[in-house]
$ cat protein11.txt   # compact mmCIF, C-alpha atoms
# COMPACT_ATOMS: atom_id res chain seq x y z
CA MET A 1151 0.00 0.00 0.00
CA THR A 1152 1.54 3.32 -1.10
CA THR A 1153 0.97 6.62 0.66
CA GLN A 1154 0.18 8.55 -2.51
CA LYS A 1155 -3.56 7.96 -2.23
CA LEU A 1156 -3.49 8.90 1.43
CA SER A 1157 -1.73 12.15 0.59
CA GLN A 1158 -4.36 12.90 -2.06
CA ALA A 1159 -7.16 12.21 0.42
CA LEU A 1160 -5.63 14.77 2.77
CA LEU A 1161 -4.67 17.45 0.26
CA ARG A 1162 -8.18 17.92 -1.09
CA HIS A 1163 -9.12 19.74 2.14
CA LYS A 1164 -8.24 23.38 2.71
CA ALA A 1165 -8.10 22.87 6.48
CA LEU A 1166 -8.21 19.55 8.31
CA ILE A 1167 -8.93 18.74 11.95
CA ILE A 1168 -7.96 15.25 13.11
CA ALA A 1169 -9.64 13.89 16.22
CA VAL A 1170 -6.87 11.94 17.95
CA SER A 1171 -7.73 9.34 20.59
CA GLY A 1172 -4.21 8.25 21.48
CA GLY A 1173 -4.35 4.96 19.56
CA VAL A 1174 -2.22 3.88 16.62
CA ASP A 1175 -4.77 4.74 13.90
CA SER A 1176 -5.43 8.41 14.62
CA MET A 1177 -1.93 9.11 15.95
CA THR A 1178 -0.23 7.73 12.84
CA LEU A 1179 -2.65 9.67 10.65
CA ALA A 1180 -1.84 12.87 12.53
CA HIS A 1181 1.91 12.42 12.03
CA PHE A 1182 1.53 11.64 8.34
CA ALA A 1183 -0.95 14.48 7.79
CA GLN A 1184 1.41 16.97 9.38
CA SER A 1185 4.10 16.05 6.87
CA VAL A 1186 1.61 16.62 4.06
CA LEU A 1187 -0.47 19.58 5.28
CA GLY A 1188 1.80 21.51 7.61
CA ASP A 1189 0.01 24.48 9.19
CA LYS A 1190 -3.28 23.54 7.49
CA LEU A 1191 -3.64 20.78 10.09
CA ARG A 1192 -5.01 20.95 13.63
CA ILE A 1193 -5.21 18.13 16.15
CA VAL A 1194 -7.92 17.70 18.78
CA HIS A 1195 -7.87 15.35 21.77
CA ALA A 1196 -10.83 14.92 24.10
CA LEU A 1197 -10.15 14.76 27.84
CA SER A 1198 -12.65 12.41 29.44
CA PRO A 1199 -13.01 9.78 32.19
CA ALA A 1200 -13.48 7.31 29.31
CA VAL A 1201 -10.08 8.07 27.77
CA PRO A 1202 -7.22 6.11 29.35
CA ALA A 1203 -4.72 8.40 31.08
CA ARG A 1204 -1.85 6.68 29.30
CA ALA A 1205 -3.48 7.51 25.95
CA THR A 1206 -3.65 11.20 26.91
CA ARG A 1207 -0.03 11.11 28.07
CA ARG A 1208 0.95 9.58 24.73
CA VAL A 1209 -0.86 12.33 22.83
CA LYS A 1210 0.84 15.06 24.88
CA GLU A 1211 4.28 13.51 24.39
CA HIS A 1212 3.85 13.22 20.62
CA ALA A 1213 2.38 16.71 20.36
CA THR A 1214 5.40 18.14 22.15
CA TRP A 1215 8.18 16.53 20.11
CA ALA A 1216 6.31 16.66 16.79
CA GLY A 1217 5.17 20.27 17.22
CA TRP A 1218 1.48 19.62 16.66
CA SER A 1219 -1.04 22.44 16.71
CA ILE A 1220 -3.17 20.68 19.31
CA TYR A 1221 -6.31 21.50 21.28
CA PHE A 1222 -7.54 19.63 24.36
CA ILE A 1223 -11.30 19.73 24.82
CA ASP A 1224 -14.12 18.35 26.93
CA SER A 1225 -16.56 16.86 24.46
CA GLY A 1226 -19.25 16.69 27.16
CA GLU A 1227 -20.51 13.15 26.62
CA PHE A 1228 -20.97 12.62 30.36
CA ASN A 1229 -23.53 15.42 30.34
CA ASP A 1230 -25.56 13.37 27.86
CA PRO A 1231 -27.98 10.92 29.60
CA LYS A 1232 -28.27 8.92 26.37
CA TYR A 1233 -24.54 8.22 26.45
CA ARG A 1234 -24.44 7.44 30.16
CA ALA A 1235 -27.31 4.94 29.79
CA ASN A 1236 -24.93 2.80 27.72
CA PRO A 1237 -27.24 1.46 25.00
CA SER A 1238 -25.80 -0.69 22.21
CA ASN A 1239 -25.32 2.47 20.11
CA ARG A 1240 -23.50 4.34 22.90
CA CYS A 1241 -20.70 5.21 20.48
CA TYR A 1242 -23.15 7.22 18.38
CA PHE A 1243 -23.80 9.60 21.29
CA CYS A 1244 -20.11 9.74 22.20
CA LYS A 1245 -19.02 10.69 18.68
CA SER A 1246 -21.96 13.05 18.23
CA ASN A 1247 -20.84 15.01 21.28
CA LEU A 1248 -17.23 14.99 20.11
CA TYR A 1249 -17.88 16.13 16.55
CA SER A 1250 -20.44 18.75 17.53
CA LYS A 1251 -18.01 20.24 20.05
CA ILE A 1252 -15.19 20.36 17.49
CA ALA A 1253 -17.47 21.98 14.91
CA GLU A 1254 -18.53 24.54 17.53
CA LEU A 1255 -14.94 25.46 18.40
CA MET A 1256 -13.25 25.62 15.00
CA ALA A 1257 -13.80 25.69 11.26
CA GLY A 1258 -12.50 23.01 8.95
CA THR A 1259 -13.12 19.46 7.84
CA ILE A 1260 -13.04 16.90 10.65
CA ALA A 1261 -11.18 13.65 9.95
CA SER A 1262 -11.09 10.34 11.82
CA GLY A 1263 -8.71 7.38 11.94
CA THR A 1264 -11.34 4.95 10.68
CA ASN A 1265 -9.89 2.33 8.32
CA GLN A 1266 -11.28 -0.22 5.88
CA ASP A 1267 -11.43 -3.00 8.48
CA ASP A 1268 -13.72 -0.88 10.67
CA LEU A 1269 -16.40 -0.81 7.98
CA SER A 1270 -17.23 -4.49 8.50
CA ASP A 1271 -17.74 -3.99 12.24
CA PHE A 1272 -20.76 -2.60 14.11
CA ARG A 1273 -19.75 1.05 14.43
CA PRO A 1274 -22.57 3.39 15.51
CA GLY A 1275 -20.01 6.18 15.63
CA LEU A 1276 -19.85 6.10 11.84
CA LYS A 1277 -23.46 7.29 11.72
CA ALA A 1278 -22.49 10.28 13.83
CA ALA A 1279 -19.52 10.87 11.53
CA LYS A 1280 -21.82 10.92 8.52
CA LYS A 1281 -24.13 13.41 10.22
CA TRP A 1282 -21.21 15.79 10.89
CA ARG A 1283 -19.60 15.19 7.47
CA VAL A 1284 -16.47 13.68 8.98
CA VAL A 1285 -14.05 12.29 6.41
CA HIS A 1286 -12.05 9.07 6.66
CA PRO A 1287 -8.74 9.43 4.78
CA TYR A 1288 -7.65 5.85 5.47
CA VAL A 1289 -10.88 4.49 4.00
CA GLU A 1290 -10.56 6.74 0.96
CA ALA A 1291 -6.99 5.53 0.43
CA GLY A 1292 -7.87 1.85 0.93
CA PHE A 1293 -5.88 1.44 4.16
CA LYS A 1294 -6.55 -1.50 6.45
CA LYS A 1295 -5.23 -1.93 10.00
CA ALA A 1296 -2.12 -3.75 8.80
CA ASN A 1297 -1.32 -0.87 6.45
CA ILE A 1298 -1.50 1.57 9.35
CA TYR A 1299 1.03 -0.44 11.34
CA ASP A 1300 3.26 -0.48 8.25
CA LEU A 1301 2.95 3.30 7.98
CA ALA A 1302 3.81 3.72 11.67
CA ARG A 1303 6.99 1.71 11.05
CA GLN A 1304 7.83 3.80 7.99
CA LEU A 1305 7.46 6.95 10.08
CA GLU A 1306 9.61 5.38 12.82
CA LEU A 1307 6.86 5.75 15.41
CA THR A 1308 8.35 2.99 17.53
CA ASP A 1309 5.88 3.28 20.39
CA LEU A 1310 2.93 2.99 18.00
CA GLU A 1311 4.04 0.28 15.58
CA GLU A 1312 3.36 -2.49 18.11
CA LEU A 1313 0.64 -0.78 20.14
CA PRO A 1314 -2.42 -3.03 20.57
CA ALA A 1315 -5.92 -1.69 20.01
CA GLU A 1316 -6.94 0.60 22.86
CA PRO A 1317 -10.62 1.55 22.72
CA CYS A 1318 -12.20 3.86 25.27
CA LEU A 1319 -12.70 2.61 28.81
CA ALA A 1320 -16.49 2.69 28.40
CA SER A 1321 -16.14 -0.25 26.01
CA ARG A 1322 -15.34 -2.42 29.06
CA VAL A 1323 -18.79 -1.81 30.56
CA GLU A 1324 -21.46 -4.28 29.51
CA THR A 1325 -24.37 -2.86 27.56
CA GLY A 1326 -27.16 -1.58 29.79
CA ILE A 1327 -24.92 -0.78 32.78
CA SER A 1328 -24.71 2.98 33.24
CA VAL A 1329 -21.34 4.47 32.33
CA ASP A 1330 -19.92 5.81 35.57
CA PRO A 1331 -16.54 7.56 36.02
CA THR A 1332 -15.90 5.55 39.21
CA ASP A 1333 -16.24 2.29 37.28
CA LEU A 1334 -13.94 3.56 34.54
CA ALA A 1335 -11.28 4.57 37.08
CA PHE A 1336 -11.51 1.07 38.57
CA VAL A 1337 -11.10 -0.51 35.14
CA GLU A 1338 -8.11 1.65 34.30
CA HIS A 1339 -6.30 0.83 37.54
CA ALA A 1340 -7.04 -2.90 37.25
CA GLU A 1341 -5.64 -3.01 33.72
CA ALA A 1342 -2.55 -1.09 34.82
CA LEU A 1343 -1.89 -3.69 37.52
CA ILE A 1344 -2.13 -6.47 34.95
CA ARG A 1345 0.20 -4.75 32.49
CA GLU A 1346 2.79 -4.34 35.25
CA GLU A 1347 2.95 -8.14 35.32
CA LEU A 1348 2.28 -9.11 31.70
CA GLY A 1349 3.97 -6.18 29.94
CA PRO A 1350 2.81 -2.88 28.41
CA ARG A 1351 2.03 -4.44 25.00
CA SER A 1352 -0.33 -7.05 26.42
CA VAL A 1353 -3.97 -7.02 25.33
CA VAL A 1354 -5.93 -6.57 28.55
CA ARG A 1355 -9.59 -5.92 29.24
CA CYS A 1356 -11.25 -5.57 32.63
CA ARG A 1357 -14.91 -6.16 31.84
CA ILE A 1358 -17.68 -4.93 34.13
CA THR A 1359 -20.61 -7.28 33.54
CA HIS A 1360 -24.05 -7.51 35.08
CA SER A 1361 -22.75 -10.35 37.27
CA GLY A 1362 -19.34 -9.02 38.23
CA VAL A 1363 -15.81 -8.41 36.97
CA VAL A 1364 -14.18 -10.57 34.28
CA ILE A 1365 -10.56 -10.18 33.23
CA GLU A 1366 -9.61 -10.92 29.62
CA THR A 1367 -6.05 -11.23 28.33
CA ASP A 1368 -4.37 -12.50 25.19
CA GLY A 1369 -2.11 -14.79 27.20
CA ALA A 1370 -1.38 -15.56 30.81
CA ALA A 1371 -3.85 -15.31 33.65
CA PRO A 1372 -3.93 -12.01 35.56
CA PRO A 1373 -1.73 -11.58 38.65
CA THR A 1374 -3.14 -12.04 42.13
CA SER A 1375 -2.70 -8.30 42.71
CA VAL A 1376 -5.66 -7.50 40.47
CA ILE A 1377 -7.81 -10.16 42.14
CA ASP A 1378 -6.96 -8.63 45.53
CA TYR A 1379 -7.73 -5.18 44.12
CA CYS A 1380 -11.19 -6.33 42.99
CA LYS A 1381 -11.94 -7.65 46.48
CA THR A 1382 -10.63 -4.49 48.16
CA ALA A 1383 -12.82 -2.39 45.85
CA GLY A 1384 -15.86 -4.48 46.78
CA ARG A 1385 -16.18 -6.03 43.32
CA ILE A 1386 -17.27 -9.57 42.56
CA TYR A 1387 -14.42 -11.24 40.67
CA LEU A 1388 -15.78 -13.87 38.27
CA GLY A 1389 -12.48 -15.04 36.80
CA HIS A 1390 -10.26 -14.93 33.73
CA ARG A 1391 -10.96 -15.80 30.09
CA PRO A 1392 -9.21 -15.29 26.73
CA TYR A 1393 -9.60 -11.86 25.16
CA HIS A 1394 -12.62 -11.57 22.88
CA LYS A 1395 -13.19 -8.35 20.98
CA GLY A 1396 -16.36 -6.51 21.97
CA SER A 1397 -17.49 -9.04 24.56
CA ALA A 1398 -19.06 -6.29 26.71
CA PHE A 1399 -21.38 -5.42 23.84
CA LEU A 1400 -24.88 -6.91 24.05
CA ARG A 1401 -27.71 -6.30 21.59
CA ILE A 1402 -30.33 -6.04 24.34
CA ASP A 1403 -31.92 -2.77 23.20
CA LYS A 1404 -34.05 -2.79 20.08

$ encode --input "protein11.txt" --output "structure tokens"
Amino acid sequence: MTTQKLSQALLRHKALIIAVSGGVDSMTLAHFAQSVLGDKLRIVHALSPAVPARATRRVKEHATWAGWSIYFIDSGEFNDPKYRANPSNRCYFCKSNLYSKIAELMAGTIASGTNQDDLSDFRPGLKAAKKWRVVHPYVEAGFKKANIYDLARQLELTDLEELPAEPCLASRVETGISVDPTDLAFVEHAEALIREELGPRSVVRCRITHSGVVIETDGAAPPTSVIDYCKTAGRIYLGHRPYHKGSAFLRIDK
């Protein structure tokens, strides 16, 4: 996959705003877009209880050494009762709040890090993107997830080229359970304890289910420290299972 089509997808916009989450997709796009667009590019990162602190730290570090024109905002999703209720289309309300806030604060075309592989998944956020006329340069250029990792390596983004997927913390909360900042802080700390043992590149999910807490990993069982933490926090620990993408998502609302 060449970068020529990606460059063309970026250059057709007079001013571009990339919403950066801290993950490999949007971060790599931001770095590449800066090399193509220069001062026509702005970067936005939302500060939220649902965004892992390590993702925000990563964004700040890259913004500093790369010289990004970056804006940190509160997209206000926790003020939206439809988001907090955590229906199966929660992501629609999250992205709607994000894109509307960006559009309110600045002029320009909003871009996301959505890639071709995302189109085959259930992504309510894409409906919000369509409503706010958000563009998807990776999709336009035919980039899949593997191509993004290749691009990260080409750009020598060593901390991104092996970074596992890192969705928002709200994705750990089973559908129908209200999204609560206290729960998200618990999830974030539990996952940090596990990564201390299994390594920073490990795929880890602390799922809050209707019955209790389930830990998912792509390898070894979680350390006893996280089990003790669950008990100390008054949580019911149900056990460990292999990582399964989107296992907190339930189609219970019609």

$ closest_atom_pairs --input "protein11.txt" --of "stretch 1174-1265 of chain A" --to "stretch 1156-1169 of chain A" --cutoff "9 Å" --atoms "only C-alpha atoms" --output "CSV"
residue,atom,partner,partner_atom,distance
A:Ser1176,CA,A:Ala1169,CA,7.1
A:Leu1179,CA,A:Ile1168,CA,8.1
A:Ala1180,CA,A:Ile1168,CA,6.6
A:Phe1182,CA,A:Ser1157,CA,8.4
A:Ala1183,CA,A:Leu1160,CA,6.9
A:Val1186,CA,A:Ser1157,CA,6.6
A:Leu1187,CA,A:Leu1161,CA,6.9
A:Asp1189,CA,A:Ala1165,CA,8.7
A:Lys1190,CA,A:Ala1165,CA,5.0
A:Leu1191,CA,A:Leu1166,CA,5.1
A:Arg1192,CA,A:Ile1167,CA,4.8
A:Ile1193,CA,A:Ile1168,CA,5.0
A:Val1194,CA,A:Ala1169,CA,4.9
A:His1195,CA,A:Ala1169,CA,6.0
A:Ala1196,CA,A:Ala1169,CA,8.0
A:Leu1248,CA,A:Ala1169,CA,8.6
A:Tyr1249,CA,A:Ala1169,CA,8.5
A:Ile1252,CA,A:Ile1167,CA,8.5
A:Met1256,CA,A:Ile1167,CA,8.7
A:Ala1257,CA,A:Ala1165,CA,8.0
A:Gly1258,CA,A:Ala1165,CA,5.0
A:Thr1259,CA,A:Leu1166,CA,4.9
A:Ile1260,CA,A:Ile1167,CA,4.7
A:Ala1261,CA,A:Ile1168,CA,4.8
A:Ser1262,CA,A:Ala1169,CA,5.8
A:Gly1263,CA,A:Ala1169,CA,7.8

$ residues_near_point --input "protein11.txt" --point "(2.8, 22.0, 18.2)" --cutoff "12 Å" --atoms "only C-alpha atoms" --output "PyMOL selection string"
chain A and resi 1180-1181+1184+1188-1189+1191-1194+1209-1221

$ write_last_selection --input "protein11.txt" --atoms "C-alpha atoms" --output "mmCIF file, in the coordinates of the input"
data_model
loop_
_atom_site.group_PDB
_atom_site.id
_atom_site.type_symbol
_atom_site.label_atom_id
_atom_site.label_comp_id
_atom_site.auth_asym_id
_atom_site.auth_seq_id
_atom_site.Cartn_x
_atom_site.Cartn_y
_atom_site.Cartn_z
ATOM 1 C CA ALA A 1180 -1.840 12.870 12.530
ATOM 2 C CA HIS A 1181 1.910 12.420 12.030
ATOM 3 C CA GLN A 1184 1.410 16.970 9.380
ATOM 4 C CA GLY A 1188 1.800 21.510 7.610
ATOM 5 C CA ASP A 1189 0.010 24.480 9.190
ATOM 6 C CA LEU A 1191 -3.640 20.780 10.090
ATOM 7 C CA ARG A 1192 -5.010 20.950 13.630
ATOM 8 C CA ILE A 1193 -5.210 18.130 16.150
ATOM 9 C CA VAL A 1194 -7.920 17.700 18.780
ATOM 10 C CA VAL A 1209 -0.860 12.330 22.830
ATOM 11 C CA LYS A 1210 0.840 15.060 24.880
ATOM 12 C CA GLU A 1211 4.280 13.510 24.390
ATOM 13 C CA HIS A 1212 3.850 13.220 20.620
ATOM 14 C CA ALA A 1213 2.380 16.710 20.360
ATOM 15 C CA THR A 1214 5.400 18.140 22.150
ATOM 16 C CA TRP A 1215 8.180 16.530 20.110
ATOM 17 C CA ALA A 1216 6.310 16.660 16.790
ATOM 18 C CA GLY A 1217 5.170 20.270 17.220
ATOM 19 C CA TRP A 1218 1.480 19.620 16.660
ATOM 20 C CA SER A 1219 -1.040 22.440 16.710
ATOM 21 C CA ILE A 1220 -3.170 20.680 19.310
ATOM 22 C CA TYR A 1221 -6.310 21.500 21.280
#

$ atom_distance --input "protein11.txt" --atom1 "atom CA of A:Cys1244" --atom2 "atom CA of A:Asp1309"
26.8 Å

$ axis_aligned_box --input "protein11.txt" --around "stretch 1277-1285 of chain A" --padding-each-side "3 Å" --output "JSON"
{"center_x": -19.1, "center_y": 11.5, "center_z": 10.1, "size_x": 16.1, "size_y": 14.5, "size_z": 13.4}

$ closest_residue --input "protein11.txt" --among "A:Val1329, A:Ala1342, A:Ala1383, A:Val1323" --to "A:Pro1202" --atoms "all atoms listed in the file"
A:Ala1342

$ atom_distance --input "protein11.txt" --atom1 "atom CA of A:Ser1171" --atom2 "atom CA of A:Ala1205"
7.1 Å

$ atom_distance --input "protein11.txt" --atom1 "atom CA of A:Arg1357" --atom2 "atom CA of A:Phe1272"
19.0 Å
